[in-house]
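What's in data_10.txt: compact mmCIF, C-alpha atoms and all ligand atoms
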# COMPACT_ATOMS: atom_id res chain seq x y z
CA MET A 1 101.08 83.07 113.14
CA VAL A 2 100.76 84.47 109.66
CA VAL A 3 101.51 82.06 106.85
CA GLY A 4 102.75 82.93 103.38
CA MET A 5 100.49 82.84 100.34
CA THR A 6 101.98 79.87 98.60
CA ASP A 7 99.78 79.72 95.52
CA SER A 8 101.03 82.39 93.16
CA SER A 9 98.69 81.09 90.44
CA TYR A 10 95.92 83.15 92.05
CA THR A 11 95.33 86.64 90.70
CA ALA A 12 96.40 89.70 92.70
CA GLU A 13 92.81 90.48 93.65
CA THR A 14 92.49 87.04 95.26
CA ARG A 15 95.92 87.11 96.87
CA LEU A 16 95.26 90.42 98.60
CA VAL A 17 92.21 88.86 100.26
CA ALA A 18 93.77 85.47 101.05
CA GLY A 19 97.34 86.51 101.99
CA GLY A 20 98.65 87.36 105.45
CA ARG A 21 96.15 85.20 107.35
CA PRO A 22 96.66 82.62 110.10
CA ALA A 23 97.06 78.99 109.06
CA HIS A 24 93.89 77.04 108.14
CA GLU A 25 93.63 75.16 111.44
CA ASP A 26 90.65 74.42 113.65
CA LEU A 27 89.74 77.38 115.85
CA ALA A 28 92.40 79.59 114.29
CA PRO A 29 91.13 83.17 113.98
CA VAL A 30 90.31 84.22 110.42
CA ASN A 31 92.24 87.48 110.88
CA PRO A 32 95.68 87.77 112.48
CA PRO A 33 95.39 88.82 116.11
CA ILE A 34 96.80 92.17 117.24
CA ALA A 35 99.76 91.78 119.60
CA MET A 36 99.48 94.74 121.98
CA SER A 37 102.85 94.20 123.60
CA SER A 38 106.00 96.28 123.70
CA THR A 39 108.21 93.33 124.52
CA PHE A 40 108.25 89.58 123.99
CA ARG A 41 109.21 86.77 126.33
CA GLN A 42 112.63 85.42 125.48
CA MET A 43 115.51 83.73 127.29
CA GLY A 44 119.08 83.51 126.09
CA PRO A 45 120.82 85.58 123.43
CA SER A 46 118.73 88.40 122.02
CA ASP A 47 117.56 88.27 118.42
CA LEU A 48 115.64 90.67 116.25
CA ASN A 49 112.25 89.70 117.67
CA THR A 50 112.57 90.50 121.35
CA TYR A 51 111.18 94.03 121.42
CA ALA A 52 108.33 95.69 119.50
CA ARG A 53 110.47 98.38 117.89
CA PHE A 54 112.54 95.63 116.20
CA SER A 55 109.72 93.44 115.02
CA ASN A 56 106.06 92.89 115.70
CA GLN A 57 103.91 90.00 114.54
CA SER A 58 101.09 92.50 113.91
CA TRP A 59 103.12 93.91 111.00
CA ASP A 60 103.66 90.57 109.27
CA GLY A 61 100.38 90.21 107.35
CA LEU A 62 100.49 93.67 105.76
CA GLU A 63 104.20 93.38 104.96
CA GLU A 64 103.59 90.04 103.31
CA VAL A 65 100.59 91.09 101.24
CA VAL A 66 102.08 94.33 99.89
CA ALA A 67 105.39 92.65 99.01
CA ASP A 68 103.45 89.95 97.19
CA LEU A 69 101.41 92.50 95.22
CA GLU A 70 104.54 94.48 94.32
CA GLY A 71 106.26 91.28 93.15
CA ALA A 72 109.05 91.53 95.75
CA GLU A 73 111.09 88.54 96.83
CA LEU A 74 111.39 89.80 100.42
CA PRO A 75 108.72 90.89 102.93
CA GLY A 76 107.89 94.60 102.93
CA LEU A 77 108.62 96.99 105.79
CA VAL A 78 105.76 98.87 107.41
CA PHE A 79 106.38 102.33 108.91
CA ALA A 80 104.55 104.89 111.04
CA SER A 81 103.71 106.99 107.97
CA GLY A 82 104.55 107.37 104.31
CA MET A 83 107.16 109.97 105.25
CA ALA A 84 108.84 107.53 107.65
CA ALA A 85 109.20 105.13 104.70
CA VAL A 86 110.54 107.96 102.50
CA ALA A 87 113.06 108.83 105.24
CA ALA A 88 114.25 105.22 105.47
CA VAL A 89 115.36 105.55 101.82
CA GLN A 90 116.55 109.17 101.61
CA ASP A 91 118.48 108.97 104.90
CA LEU A 92 120.74 106.32 103.38
CA LEU A 93 122.42 108.98 101.24
CA PRO A 94 126.04 109.62 102.30
CA VAL A 95 127.86 112.96 102.31
CA GLY A 96 128.64 114.08 98.76
CA SER A 97 125.69 112.26 97.18
CA ILE A 98 123.16 113.40 94.58
CA ILE A 99 119.37 112.99 94.71
CA LEU A 100 117.30 113.54 91.57
CA LEU A 101 113.57 114.24 91.94
CA PRO A 102 110.77 115.24 89.54
CA GLU A 103 109.91 118.94 89.43
CA HIS A 104 106.45 117.96 90.68
CA THR A 105 106.70 115.56 93.59
CA TYR A 106 104.95 115.24 96.93
CA MET A 107 106.06 118.37 98.82
CA ALA A 108 107.42 116.67 101.94
CA SER A 109 109.57 114.28 99.88
CA VAL A 110 111.12 117.35 98.25
CA SER A 111 111.53 119.10 101.63
CA MET A 112 113.32 116.06 102.99
CA ALA A 113 115.79 116.11 100.08
CA GLN A 114 116.27 119.86 100.52
CA ARG A 115 117.02 119.34 104.20
CA LEU A 116 119.73 116.87 103.22
CA GLU A 117 121.10 119.54 100.89
CA ALA A 118 120.97 122.22 103.59
CA ARG A 119 123.01 119.95 105.88
CA GLY A 120 125.67 119.47 103.18
CA ILE A 121 124.82 115.82 102.62
CA ALA A 122 123.26 115.63 99.17
CA ARG A 123 122.90 117.83 96.10
CA VAL A 124 119.34 118.08 94.75
CA VAL A 125 118.65 117.92 91.01
CA ARG A 126 115.09 118.45 89.71
CA LEU A 127 113.75 116.64 86.64
CA ASP A 128 111.16 117.26 83.95
CA ILE A 129 109.98 113.66 83.90
CA GLU A 130 107.81 113.99 80.80
CA ASN A 131 111.00 114.75 78.86
CA THR A 132 112.80 111.40 78.87
CA GLU A 133 115.83 112.68 76.94
CA SER A 134 116.49 115.37 79.55
CA VAL A 135 116.04 112.87 82.42
CA LEU A 136 118.56 110.49 80.81
CA ALA A 137 121.03 113.35 80.36
CA GLU A 138 120.70 114.35 84.04
CA LEU A 139 121.18 110.73 85.15
CA GLU A 140 124.33 110.37 83.08
CA LYS A 141 125.71 113.64 84.41
CA ALA A 142 124.99 112.63 88.03
CA ALA A 143 126.65 109.22 87.54
CA VAL A 144 129.78 110.87 86.16
CA ASP A 145 129.86 113.58 88.87
CA ALA A 146 129.52 111.02 91.69
CA GLY A 147 131.74 108.40 90.04
CA VAL A 148 129.20 105.59 90.29
CA THR A 149 129.09 102.49 88.11
CA PRO A 150 127.14 99.21 88.37
CA GLU A 151 130.34 97.67 89.78
CA ASN A 152 130.77 100.09 92.73
CA ILE A 153 127.08 100.59 93.61
CA ASN A 154 126.45 100.65 97.39
CA TYR A 155 122.80 99.96 98.15
CA ALA A 156 123.25 100.71 101.86
CA ALA A 157 124.65 104.20 101.10
CA PRO A 158 123.78 105.19 97.52
CA LYS A 159 125.90 107.98 96.07
CA VAL A 160 123.20 108.72 93.50
CA LEU A 161 119.48 108.18 94.15
CA LEU A 162 116.71 108.69 91.61
CA TRP A 163 113.45 109.48 93.40
CA MET A 164 110.46 108.97 91.10
CA GLU A 165 106.76 109.59 91.15
CA SER A 166 104.62 108.57 88.21
CA PRO A 167 101.93 109.82 87.98
CA THR A 168 103.30 112.90 89.76
CA ASN A 169 101.63 114.67 92.65
CA PRO A 170 99.73 116.87 91.85
CA MET A 171 100.28 117.37 88.10
CA MET A 172 99.58 113.78 86.99
CA GLU A 173 102.54 113.65 84.60
CA VAL A 174 103.63 110.17 83.52
CA ALA A 175 107.28 109.13 83.15
CA ASP A 176 108.62 106.48 80.77
CA LEU A 177 109.55 104.29 83.73
CA PRO A 178 111.03 101.29 81.83
CA THR A 179 113.44 103.50 79.86
CA ILE A 180 114.44 105.65 82.84
CA LEU A 181 114.85 102.74 85.25
CA ALA A 182 116.90 100.75 82.69
CA ALA A 183 119.25 103.74 82.51
CA THR A 184 119.70 103.78 86.31
CA ARG A 185 120.73 100.11 86.20
CA ARG A 186 123.18 100.76 83.38
CA LEU A 187 124.69 103.71 85.27
CA GLY A 188 124.90 102.33 88.83
CA ILE A 189 122.20 104.64 90.22
CA VAL A 190 119.81 103.43 92.94
CA SER A 191 116.15 104.09 92.11
CA ALA A 192 113.09 104.50 94.33
CA VAL A 193 109.52 104.89 93.08
CA ASP A 194 106.77 106.38 95.24
CA ASN A 195 103.87 104.22 94.04
CA THR A 196 101.21 105.85 96.22
CA PHE A 197 99.14 107.28 93.34
CA ALA A 198 99.20 104.14 91.21
CA THR A 199 98.75 101.62 94.09
CA PRO A 200 100.35 98.14 93.98
CA LEU A 201 97.49 96.94 91.77
CA GLY A 202 97.93 99.72 89.23
CA GLN A 203 101.69 99.62 88.68
CA GLN A 204 104.60 97.40 89.72
CA PRO A 205 107.81 99.47 89.65
CA LEU A 206 110.07 96.59 90.75
CA ALA A 207 109.17 94.69 87.59
CA LEU A 208 109.81 97.89 85.61
CA GLY A 209 113.35 98.06 87.04
CA ALA A 210 113.13 100.00 90.35
CA ASP A 211 115.23 99.01 93.36
CA VAL A 212 112.68 100.03 95.98
CA VAL A 213 109.02 101.04 96.09
CA VAL A 214 107.52 103.21 98.81
CA HIS A 215 103.90 103.89 99.65
CA SER A 216 101.97 106.26 101.76
CA ALA A 217 99.69 103.40 102.89
CA THR A 218 97.66 106.15 104.54
CA LYS A 219 96.07 106.50 101.10
CA ALA A 220 94.60 103.75 98.90
CA ILE A 221 96.13 100.81 100.76
CA ALA A 222 94.41 101.57 104.07
CA GLY A 223 91.67 103.28 102.06
CA HIS A 224 89.44 104.88 104.71
CA SER A 225 91.29 108.07 105.77
CA ASP A 226 91.49 106.77 109.32
CA VAL A 227 95.15 105.86 109.79
CA LEU A 228 98.69 106.97 108.87
CA LEU A 229 101.01 104.24 107.58
CA GLY A 230 103.93 103.78 105.24
CA LEU A 231 105.54 100.87 103.41
CA ALA A 232 108.83 100.17 101.67
CA VAL A 233 109.29 97.11 99.47
CA THR A 234 112.41 95.75 97.76
CA SER A 235 113.91 92.48 96.54
CA ASN A 236 117.42 93.71 97.41
CA PRO A 237 118.60 92.27 100.77
CA VAL A 238 121.24 94.97 101.36
CA LEU A 239 118.74 97.75 100.80
CA ARG A 240 116.13 96.02 102.94
CA ASP A 241 118.55 95.51 105.84
CA ALA A 242 119.56 99.19 105.66
CA MET A 243 115.94 100.40 105.68
CA ARG A 244 115.05 98.01 108.47
CA ALA A 245 118.01 99.22 110.55
CA HIS A 246 116.80 102.79 109.95
CA ARG A 247 113.32 101.86 111.20
CA THR A 248 114.63 100.03 114.26
CA THR A 249 117.09 102.74 115.23
CA ASN A 250 115.03 105.83 114.42
CA GLY A 251 111.87 104.30 115.80
CA ALA A 252 109.25 105.45 113.28
CA ILE A 253 107.35 102.20 113.66
CA ALA A 254 103.71 101.46 112.96
CA GLY A 255 101.47 100.72 115.92
CA PRO A 256 100.01 97.19 115.95
CA PHE A 257 96.44 98.46 115.58
CA GLU A 258 97.40 100.78 112.72
CA ALA A 259 99.09 97.93 110.86
CA TRP A 260 95.99 95.79 111.43
CA LEU A 261 93.81 98.57 109.97
CA GLY A 262 96.11 98.71 106.96
CA LEU A 263 95.69 94.98 106.39
CA ARG A 264 91.93 95.23 106.82
CA GLY A 265 91.87 98.13 104.36
CA ILE A 266 93.88 96.42 101.64
CA ARG A 267 91.43 93.50 101.55
CA THR A 268 89.02 95.71 99.57
CA LEU A 269 91.60 97.56 97.46
CA ALA A 270 90.66 95.82 94.21
CA LEU A 271 86.96 96.64 94.61
CA ARG A 272 87.55 100.21 95.75
CA LEU A 273 90.06 100.90 93.01
CA GLU A 274 87.83 99.44 90.31
CA ARG A 275 85.01 101.81 91.29
CA SER A 276 87.20 104.85 91.95
CA ALA A 277 89.20 104.51 88.74
CA ALA A 278 86.07 104.03 86.63
CA SER A 279 84.49 107.11 88.22
CA ALA A 280 87.72 109.13 87.86
CA LEU A 281 87.78 108.36 84.12
CA GLU A 282 84.10 109.23 83.75
CA LEU A 283 84.55 112.52 85.64
CA ALA A 284 87.65 113.32 83.57
CA ARG A 285 85.63 112.78 80.36
CA ARG A 286 82.71 114.91 81.53
CA LEU A 287 84.82 117.71 83.03
CA GLN A 288 86.89 117.93 79.85
CA GLU A 289 83.70 119.05 78.10
CA HIS A 290 82.63 121.50 80.82
CA PRO A 291 82.89 125.16 79.75
CA ALA A 292 84.42 126.26 83.08
CA VAL A 293 87.32 123.80 82.75
CA GLU A 294 90.63 124.74 81.17
CA LEU A 295 92.48 121.39 81.42
CA VAL A 296 91.98 117.90 82.84
CA ARG A 297 94.94 115.62 83.53
CA TYR A 298 94.15 111.94 84.06
CA PRO A 299 96.45 109.25 82.62
CA GLY A 300 93.47 107.12 81.58
CA LEU A 301 92.06 109.82 79.31
CA PRO A 302 92.99 108.88 75.70
CA THR A 303 93.73 112.55 74.96
CA ASP A 304 96.12 112.91 77.95
CA PRO A 305 99.81 113.33 77.01
CA GLY A 306 100.67 110.48 79.42
CA PHE A 307 98.07 108.03 78.08
CA GLU A 308 100.29 105.85 75.86
CA ARG A 309 102.97 105.53 78.55
CA ALA A 310 100.41 104.87 81.24
CA ARG A 311 98.73 102.22 79.11
CA ALA A 312 102.07 100.46 78.66
CA GLN A 313 103.12 100.45 82.32
CA MET A 314 99.93 100.70 84.39
CA SER A 315 97.07 98.22 84.71
CA THR A 316 94.62 100.76 86.15
CA PHE A 317 94.96 104.53 86.08
CA GLY A 318 94.07 105.28 89.69
CA SER A 319 91.61 107.46 91.53
CA VAL A 320 93.26 110.89 91.24
CA LEU A 321 92.83 113.54 88.57
CA SER A 322 93.79 117.17 88.34
CA VAL A 323 91.46 119.80 86.92
CA THR A 324 92.43 123.38 86.12
CA LEU A 325 89.54 125.85 86.04
CA LYS A 326 89.11 128.98 83.93
CA ALA A 327 89.23 131.01 87.12
CA ASP A 328 91.55 132.71 89.60
CA ALA A 329 92.45 131.45 93.07
CA VAL A 330 89.59 133.28 94.82
CA GLN A 331 86.97 132.01 92.40
CA THR A 332 88.38 128.49 92.62
CA ASP A 333 88.20 128.58 96.42
CA ARG A 334 84.59 129.74 96.09
CA VAL A 335 83.77 126.73 93.91
CA VAL A 336 85.40 124.36 96.41
CA GLY A 337 83.48 126.01 99.26
CA ALA A 338 80.17 125.46 97.44
CA LEU A 339 80.62 121.68 97.20
CA LYS A 340 78.28 119.65 99.36
CA LEU A 341 79.34 116.06 98.71
CA TRP A 342 83.07 116.45 97.99
CA THR A 343 85.10 117.25 101.09
CA PRO A 344 87.71 119.99 100.79
CA ALA A 345 90.67 118.26 102.40
CA THR A 346 94.19 117.19 101.62
CA SER A 347 95.04 113.49 101.14
CA LEU A 348 93.67 110.91 98.71
CA GLY A 349 92.83 107.27 98.18
CA GLY A 350 89.96 107.02 100.69
CA VAL A 351 86.40 105.81 100.10
CA GLU A 352 85.18 109.42 100.29
CA SER A 353 85.90 111.96 97.54
CA LEU A 354 88.31 114.75 98.50
CA ILE A 355 89.20 117.92 96.60
CA GLU A 356 91.95 120.44 97.13
CA ARG A 357 93.34 123.58 95.48
CA ARG A 358 96.98 122.63 95.73
CA ARG A 359 98.45 126.11 95.52
CA ARG A 360 96.90 126.87 98.91
CA HIS A 361 100.09 125.16 100.11
CA THR A 362 102.81 127.79 99.74
CA SER A 363 105.35 125.01 99.16
CA GLU A 364 103.77 123.98 95.82
CA PRO A 365 105.84 125.40 92.93
CA ALA A 366 104.52 128.26 90.77
CA SER A 367 104.28 125.82 87.83
CA VAL A 368 101.19 124.36 89.54
CA PRO A 369 98.32 126.61 88.36
CA GLU A 370 96.48 128.64 91.03
CA SER A 371 93.17 127.25 89.81
CA MET A 372 94.26 123.61 89.72
CA LEU A 373 92.19 121.23 91.82
CA ARG A 374 93.50 117.82 92.80
CA MET A 375 90.58 115.45 93.06
CA SER A 376 90.66 112.09 94.81
CA VAL A 377 87.64 110.11 93.65
CA GLY A 378 86.01 107.86 96.22
CA ILE A 379 83.39 105.15 95.82
CA GLU A 380 80.24 107.28 95.84
CA ASN A 381 77.91 107.21 92.84
CA VAL A 382 79.58 109.02 89.94
CA ASP A 383 76.42 110.92 88.93
CA ASP A 384 76.09 112.31 92.45
CA LEU A 385 79.75 113.37 92.39
CA TYR A 386 79.37 115.05 89.01
CA ALA A 387 76.11 116.80 89.92
CA ASP A 388 77.80 118.33 92.96
CA LEU A 389 80.67 119.60 90.79
CA VAL A 390 78.26 121.06 88.24
CA GLN A 391 76.27 122.98 90.86
CA ALA A 392 79.49 124.42 92.36
CA LEU A 393 80.97 125.28 88.93
CA SER A 394 77.78 127.20 88.09
CA LEU A 395 79.18 129.95 90.36
CA LEU A 396 81.67 130.73 87.59
CA GLU A 397 80.27 132.83 84.78
CA VAL A 398 81.54 131.37 81.55
C1 LIG B 1 102.71 110.67 96.87
C2 LIG B 1 102.85 110.76 98.36
N1 LIG B 1 103.93 110.23 98.95
C3 LIG B 1 104.12 110.30 100.29
C4 LIG B 1 103.19 110.91 101.11
C5 LIG B 1 103.44 110.97 102.60
O1 LIG B 1 102.64 110.05 103.26
P1 LIG B 1 102.14 110.21 104.79
O2 LIG B 1 101.24 111.39 104.82
O3 LIG B 1 101.48 108.90 105.05
O4 LIG B 1 103.35 110.42 105.63
C6 LIG B 1 102.04 111.46 100.54
C7 LIG B 1 101.04 112.13 101.42
O5 LIG B 1 100.21 112.89 100.97
C8 LIG B 1 101.87 111.39 99.13
O6 LIG B 1 100.79 111.92 98.52
Kindly present the structure from the file in structure tokens form.
Amino acid sequence: MVVGMTDSSYTAETRLVAGGRPAHEDLAPVNPPIAMSSTFRQMGPSDLNTYARFSNQSWDGLEEVVADLEGAELPGLVFASGMAAVAAVQDLLPVGSIILLPEHTYMASVSMAQRLEARGIARVVRLDIENTESVLAELEKAAVDAGVTPENINYAAPKVLLWMESPTNPMMEVADLPTILAATRRLGIVSAVDNTFATPLGQQPLALGADVVVHSATKAIAGHSDVLLGLAVTSNPVLRDAMRAHRTTNGAIAGPFEAWLGLRGIRTLALRLERSAASALELARRLQEHPAVELVRYPGLPTDPGFERARAQMSTFGSVLSVTLKADAVQTDRVVGALKLWTPATSLGGVESLIERRRRHTSEPASVPESMLRMSVGIENVDDLYADLVQALSLLEV
């Protein structure tokens, strides 16, 4: 049995270690056991806990810890992947609805919205999230078009959904979340924030006004690039019931072992993030001075356009930065191929540093420069990471 963390006076970095564990009783295991069972013994009327697609005690610890870190009043919901969590929100949209997403957003989240549009369910509106005035204008227009108000809002079937990323993937733009989320509340718009880049320690969108937070827990939460997992967290019971019903019915559930790995991973999130974020800032500073580099985007860089906003709404700036080289696509690929320590691979948030030229994905928009590299900084020594970048960048004649 997993017991709740009752002492909220502890800091988040203590609670993520102490939460979601069995009761302090003699001979109790220190970690929650994994229940490898598809069904559970039960007589009499069925309830929600009789079958492993409905509920599984191996999910409880992770759901409890992430909800606690995000400041939610209800347990989180774990999913088979980040995209399964995204689907549990986007699939709530009814026919005739509107979904607003940043111009730069994780590609599959955009594809999912576009598939809703192709099936005549939702209209997609794209946003320049650095321009708060234009975002507010689009929100107001959507609220009028769909006829939503705070009085007629339906959390189980939102007629207008704002889908946010901040920082955005892969451009690292930062939105003024408090202002934008306050507007959604005023207008009767449901808001979801994908908090994967920031992590629950770096930013708490529910406190900033969001209705629901989703994570690709595949990334920093699990932290070791060895599992796919997703999470959705809300304090709204109607929204939570709707997402849970989606999970139960559609079946994109996390395996017990995967959920256990996610809980094991999150125990070290504070330590990993501290190292990765410090190294990301140091690399951003050094690369900004490198002659082969055109532009560095990292919200923790005091010269970054998102710095003041990030400082106001984030407690750490995360492990991801984007670096645009003075090079074309072929030269950039050559630099990536010359790296010995960094691994050229998609994904982020693991202990090992990964690097990727994002435009190799044809679905990335043309506004993402061909020579832009998304870098996920791991926990290796920062001087080793920088030395590897310098030797690879020496291929460019500048
Ligand atoms: C910001 C963001 N959201 C969602 C996802 C999807 O997560 P998953 O790959 O776990 O399905 C990703 C994956 O890269 C991501 O970067």
Could the residues that lie within 10 Å of ligand LIG 1 (chain B), counting only C-alpha atoms and all ligand atoms, be listed as a short mmCIF file (atom, residue, chain, number, x, y, z; two decimals) with C-alpha atoms, keeping the file's coordinate frame?
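Below you can see result36.cif, which holds the result:
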data_model
loop_
_atom_site.label_atom_id
_atom_site.label_comp_id
_atom_site.auth_asym_id
_atom_site.auth_seq_id
_atom_site.Cartn_x
_atom_site.Cartn_y
_atom_site.Cartn_z
CA PHE A 79 106.38 102.33 108.91
CA ALA A 80 104.55 104.89 111.04
CA SER A 81 103.71 106.99 107.97
CA GLY A 82 104.55 107.37 104.31
CA MET A 83 107.16 109.97 105.25
CA ALA A 84 108.84 107.53 107.65
CA ALA A 85 109.20 105.13 104.70
CA VAL A 86 110.54 107.96 102.50
CA ALA A 87 113.06 108.83 105.24
CA THR A 105 106.70 115.56 93.59
CA TYR A 106 104.95 115.24 96.93
CA MET A 107 106.06 118.37 98.82
CA ALA A 108 107.42 116.67 101.94
CA SER A 109 109.57 114.28 99.88
CA MET A 164 110.46 108.97 91.10
CA GLU A 165 106.76 109.59 91.15
CA SER A 166 104.62 108.57 88.21
CA PRO A 167 101.93 109.82 87.98
CA THR A 168 103.30 112.90 89.76
CA ASN A 169 101.63 114.67 92.65
CA PRO A 170 99.73 116.87 91.85
CA VAL A 193 109.52 104.89 93.08
CA ASP A 194 106.77 106.38 95.24
CA ASN A 195 103.87 104.22 94.04
CA THR A 196 101.21 105.85 96.22
CA PHE A 197 99.14 107.28 93.34
CA ALA A 198 99.20 104.14 91.21
CA VAL A 214 107.52 103.21 98.81
CA HIS A 215 103.90 103.89 99.65
CA SER A 216 101.97 106.26 101.76
CA ALA A 217 99.69 103.40 102.89
CA THR A 218 97.66 106.15 104.54
CA LYS A 219 96.07 106.50 101.10
CA VAL A 227 95.15 105.86 109.79
CA LEU A 228 98.69 106.97 108.87
CA LEU A 229 101.01 104.24 107.58
CA GLY A 230 103.93 103.78 105.24
CA LEU A 231 105.54 100.87 103.41
CA THR A 346 94.19 117.19 101.62
CA SER A 347 95.04 113.49 101.14
CA LEU A 348 93.67 110.91 98.71
CA GLY A 349 92.83 107.27 98.18
#
Please, what is the axis-aligned box for every listed atom of range 362-371 of chain A with 8 Å on each side, as centre and edge lengths in Å to one decimal, as lines of an AutoDock Vina configuration file?
center_x = 99.5
center_y = 126.3
center_z = 93.8
size_x = 28.7
size_y = 20.7
size_z = 27.9
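With all atoms listed in the file as the atoms that count, the residue of A:Leu69, A:Met171, A:Val124, A:Val144 with the shortest distance to Pro205 in chain A is A:Leu69.
Of the listed residues (A:Ala284, A:Leu321, A:Ile253, A:Ala245), A:Leu321 comes nearest to Met372 in chain A; the distances count only C-alpha atoms.
Checking A:Leu162, A:Leu139, A:Val212, A:Val125 one by one against Val238 in chain A, counting all atoms listed in the file, you find the shortest gap at A:Val212.
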Write out as a PDB file with C-alpha atoms, keeping the file's coordinate frame the residues lying within 7 Å of range 91-97 of chain A, counting only C-alpha atoms and excluding same-chain residues fewer than 4 positions away.
ATOM      1  CA  ALA A  87     113.060 108.830 105.240  1.00  0.00           C
ATOM      2  CA  GLY A 120     125.670 119.470 103.180  1.00  0.00           C
ATOM      3  CA  ILE A 121     124.820 115.820 102.620  1.00  0.00           C
ATOM      4  CA  ALA A 122     123.260 115.630  99.170  1.00  0.00           C
ATOM      5  CA  ARG A 123     122.900 117.830  96.100  1.00  0.00           C
ATOM      6  CA  ALA A 146     129.520 111.020  91.690  1.00  0.00           C
ATOM      7  CA  ALA A 156     123.250 100.710 101.860  1.00  0.00           C
ATOM      8  CA  ALA A 157     124.650 104.200 101.100  1.00  0.00           C
ATOM      9  CA  PRO A 158     123.780 105.190  97.520  1.00  0.00           C
ATOM     10  CA  LYS A 159     125.900 107.980  96.070  1.00  0.00           C
ATOM     11  CA  VAL A 160     123.200 108.720  93.500  1.00  0.00           C
TER      12      VAL A 160
END
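For the set A:Ser322, A:Ser191, A:Ser37, A:Gln203, the residue with the smallest atom-to-atom gap to Glu173 in chain A is A:Ser322, counting only C-alpha atoms.
Relative to CA of Arg360 in chain A, CA of Lys326 in chain A is found at 17.0 Å.
Of the residues under consideration (A:Phe257, A:Met43, A:Arg309, A:Phe54), A:Arg309 shows the shortest atom-to-atom contact distance to Thr132 in chain A when counting only C-alpha atoms.
Every protein or nucleic acid residue with an atom no more than 12 Å from Glu308 in chain A, counting only C-alpha atoms and leaving out same-chain residues fewer than 2 positions away, appears here: Glu173, Val174, Ala175, Asp176, Tyr298, Pro299, Gly300, Leu301, Pro302, Thr303, Asp304, Pro305, Gly306, Ala310, Arg311, Ala312, Gln313, Met314 and Phe317 of chain A.
The gap separating CA of Thr343 in chain A from CA of Ala232 in chain A is 29.2 Å, in Å to one decimal.
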Query raised in the report: Taking all atoms listed in the file into account, which of A:Arg247, A:His224, A:Arg185, A:Arg267 comes nearest Asn31 in chain A?
Result: A:Arg267
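The interatomic distance for the pair CA of Asp145 in chain A and CA of Ser111 in chain A works out to 23.0 Å.
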Requested in this report: May I have the residues within 12 Å of Arg286 in chain A as a PyMOL selection string, using only C-alpha atoms and disregarding those fewer than 2 positions away in the same chain?
Outcome: chain A and resi 279-284+288-293+295-296+301+323+382-383+385-387+389-390
